[in-house]
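Contents: one structure, followed by commentary.
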Amino acid sequence: MKNAIFRVLSGFIDRVLRFRVMVVLVIAAITLVMGYLAAHIEIKTVFTDLLPKSHPYIAVNNKFKQTFGGSNMVSIMLEVEQGDVFNMTVLGKLRQITQELQKVEGVDTYQITSLASKKMKEVRASTEGVESRSLMWPNLPKNNAEIQLLKESVLNNSLVYGPYVSMDMKAALITADFVDGAVNYSKAYEQIAEITERAKGDGVMVRMVGEPILYGLVNHYLTETMYIFFITVGSLVLLLLLITRTWHGTLLPLLTGFVSAVWALGAAKLMGFHLDPLVIVVAFLITAQAISNSVQLVSRFDDEIMAQKMTALEAAKSSILNLFKPGMLAIVADAGCVLVVALTPIPMLEKISLIGTVWILSIIVSALILTPVMLSWCSSSIKYIHPINVMGLLRGVLGFCAGIVTSRWRYTVIAGACIAFVASGFYALNLKVGDANPGSPILWPDSTYNKDAKAINQKFQGSDRMFVVVHGKEEGALKEPSVLQGMESFQKYMEAQPEIGGSLSMADVLPQVKRVIREGNVRYQELGNSANENGELVFMFVSGSDPGDMDRFMDPQALNGAVTLFFRDHQGETIRTAVSRINDYVANHPMEGAEFQLAGGLVGVLAAVNEVILAGQIEAIAFALLVLMVCCMITYRSTVAGIFFMLPVLLSNTLTFSYMAWKGIGMNINTLPVVALGIGLGVDYTFYIVDGIREELHHHSNLEQAIRKSLMSAGKGVLITAITLVTSVIIWSFSSLKLQADMGLLIALWLFISASSALFIMPVMVYVFKPKFITGRIFESSNEAVSMGGKREEVLI
């Protein structure tokens, strides 16, 4: 079986090298076509791609978002340093922004609310009857007397005082929602930023938050992101040039990464996908895998040239024959680990999974085929292009590794790894699903956006919203006193959670109306005693209103209403606590004529995302480990192999998860792909080390010598890759996007742990436990020998 596989592989490589010109031309032609497609791929964020496909919260949000408010709401706050907002300057700016927001592309003009909007009303009673009129529309107050009257009206209206005018009266709020599918985050951010910029000055500060602002900022930093990406690539070139001292050692790994990237992005365009700016770091991680495989081949090629008198063609063939199995195993394992991310039913993760899988599989062509072909044209003697030689230092490091592994210190390495695994495993339990800190984790805490969010949350009830639908069993159910009292009780229960700054529903509106018609007597600020009375109060409130003014409270049939909860942050723990409290209340306080349905708004959809991520995280990690185990079992035909290679992966995961918990990096939609890919990455290097040991053991039976030789050969490729990639990826820490900086450091940590596992832990495990799939006599060398250049050479397949 092995002889047949070897003969097929050897014959395939012979044909590839014989027709190498044709191979290069075909790859170049495909790359040109894919490059054209890749150049036209869109780089943007689509919010609907971040939401689970099927989840009850998403269904509720989609059904009612156009009435009760969706997840793309923008909040704009005008704040004064001295006095209060009741002056002509501030009121004029408030009206100006309210009116100009109607011209923003994609905005829902019926969902713009502020003190200056038409739907912000008060109910007044007089001898002539009950009147519902706008507080400050269409005209501004004309004099101080009218300003004072407006101020008194606001102070007597709990629907305005608190939600839209701060309790200290130093700030006013404007909210605007967007039509899902029609919002372009870049344009929305630019247009709103231009509007708010004009309103600044005269002692007025303007702050703005919301998903369109946030993702607009991400797109705003896209140019910077591309600069960092190219600086990272440039640093890779310099480091490879410094270490390898050869053009082929520098350019071929980069060529491999470039070809794989072009093919993947071209395939993404063919599949109709776009590229999210937040996952560019993930792209770099996959490119690192391509570079790693190519570096191993180049390193082995150089060793073959220096150790034996071979032509470049013979050395190229020998290199790929010896490294094909560990390279292919690494690629297949990585592709499988990324593919399982698609099990999480979130469109963006599914797209990342498919693009990533294609990207990784393309490494088979770019590294395992193109690199040896290009090496076959290199010189048969190594020509260095600069005098700086760091190989002595690298050999010293590798010699140190070999000394530790083969000495009594090996038991210390095993003990240390066990302690690190247990300690990091327990600490990793602190890892949070969802956002781990207030504000947006995408941006730095001291960013303008997060400062604005903090300021708005201090002045108002909360900038993040969740609506819970109260669904009546029949029309008019929401006018029933029992239902309204249930809503009121629910609001009081939820407001006991510190992170919820307030709530709003029809149960807040009707008492205000009843108090007004009772000449402002606060004793009558209560709900009606019957459905008919509540119906009359509703009629009084909406009389003279425009269609849709009542939509944010309930529909015209009084069948569906909303309780809107205002959150001061959307941390994962805050959302889970709120959802748990809602479920507890619903379970213990059933209503006869209606039921509660979760949940919409930004916090509602984030609750759905977090629940899917929590389940998806466990599934993705479990299936990725299973894929890894199966790949190893099939490749080495040993059950022990699957378990053996899983041990360093588990250590890499627990250490990385504990780092995420320590740094406050939550497990969310942006970090999950890195985690799944990291499982494959955590074992790639060990494949080369182990295969190098097995290859040496076919020449002799000295395990210690085999480990040393493997570390000095395959270990060199591991060390070069780790040094260049870890050093380069740290550049991402300078990004204006905290998420990219965090992911850059996370990838650097993962690469470092993986390299350390390959250079220390795995060789120690081989030396101590001597697994048979590595040390056993697995084939007769005479049957596997090949004649290359008149010399007899054994190759392990």
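We name chains A, B, ... following the order of the structure tokens; residues begin at 1 in each chain, and ligands are numbered from 1 as shown.
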
Quiz item: Taking the backbone alone, and naming residues the way the document does, which bits of range 488-607 of chain A are strand (DSSP E) by DSSP, as a ChimeraX atom specification?
Solution: /A:500-504,560-567,594-600

Quiz item: Leaving out Ile331 in chain A and any residue of its chain fewer than 5 positions from it, which residues lie within 8 Å of it when counting only C-alpha atoms, given as an MDAnalysis selection string?
Solution: chainID A and resid 360:361 363:364

Exercise. Find the spatial neighbours of range 749-754 of chain A, counting only C-alpha atoms, within a cut-off of 7 Å - ignore same-chain residues fewer than 2 positions away - and output them as a list of chain:residue names.
Key: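 Returned residues: A:Ser652, A:Thr656, A:Gly678, A:Gly682, A:Val683, A:Tyr685, A:Ala722, A:Val726, A:Leu745, A:Leu746, A:Ile747, A:Ser756, A:Ser757, A:Ala758.
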
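Proximity ranking of A:Val23, A:Gly272, A:Asn389, A:Ser71 relative to Ser366 in chain A places A:Val23 first, based on only C-alpha atoms.
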
For the contact check between range 649-714 of chain A and range 47-64 of chain A, emit one row per residue of range 649-714 of chain A within 12 Å, containing the shortest atom pair and the distance in Å rounded to one decimal, counting only C-alpha atoms, chain then rising number order, as JSON lines.
{"residue": "A:Asn668", "atom": "CA", "partner": "A:Leu50", "partner_atom": "CA", "distance": 10.4}
{"residue": "A:Ile669", "atom": "CA", "partner": "A:Leu50", "partner_atom": "CA", "distance": 7.4}
{"residue": "A:Asn670", "atom": "CA", "partner": "A:Leu50", "partner_atom": "CA", "distance": 9.4}

Resulting file, chosen residues, all heavy atoms, as a PDB file, in the first residue's frame:
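In the end it all went to part13.pdb:
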ATOM      1  N   ASN A 668     -16.475  36.157  20.543  1.00  0.00           N
ATOM      2  CA  ASN A 668     -17.596  36.697  19.775  1.00  0.00           C
ATOM      3  C   ASN A 668     -17.436  36.349  18.305  1.00  0.00           C
ATOM      4  O   ASN A 668     -16.561  35.567  17.922  1.00  0.00           O
ATOM      5  CB  ASN A 668     -17.712  38.221  19.978  1.00  0.00           C
ATOM      6  CG  ASN A 668     -16.411  38.951  19.671  1.00  0.00           C
ATOM      7  OD1 ASN A 668     -15.734  38.654  18.694  1.00  0.00           O
ATOM      8  ND2 ASN A 668     -16.059  39.911  20.510  1.00  0.00           N
ATOM      9  N   ILE A 669     -18.266  36.950  17.491  1.00  0.00           N
ATOM     10  CA  ILE A 669     -18.296  36.593  16.070  1.00  0.00           C
ATOM     11  C   ILE A 669     -16.983  36.916  15.367  1.00  0.00           C
ATOM     12  O   ILE A 669     -16.636  36.301  14.368  1.00  0.00           O
ATOM     13  CB  ILE A 669     -19.477  37.321  15.385  1.00  0.00           C
ATOM     14  CG1 ILE A 669     -19.739  36.737  13.995  1.00  0.00           C
ATOM     15  CG2 ILE A 669     -19.219  38.812  15.297  1.00  0.00           C
ATOM     16  CD1 ILE A 669     -21.016  37.244  13.382  1.00  0.00           C
ATOM     17  N   ASN A 670     -16.206  37.858  15.908  1.00  0.00           N
ATOM     18  CA  ASN A 670     -14.956  38.244  15.272  1.00  0.00           C
ATOM     19  C   ASN A 670     -13.781  37.383  15.715  1.00  0.00           C
ATOM     20  O   ASN A 670     -12.791  37.255  14.984  1.00  0.00           O
ATOM     21  CB  ASN A 670     -14.646  39.719  15.578  1.00  0.00           C
ATOM     22  CG  ASN A 670     -15.715  40.651  15.040  1.00  0.00           C
ATOM     23  OD1 ASN A 670     -16.021  40.651  13.868  1.00  0.00           O
ATOM     24  ND2 ASN A 670     -16.306  41.453  15.916  1.00  0.00           N
TER      25      ASN A 670
END
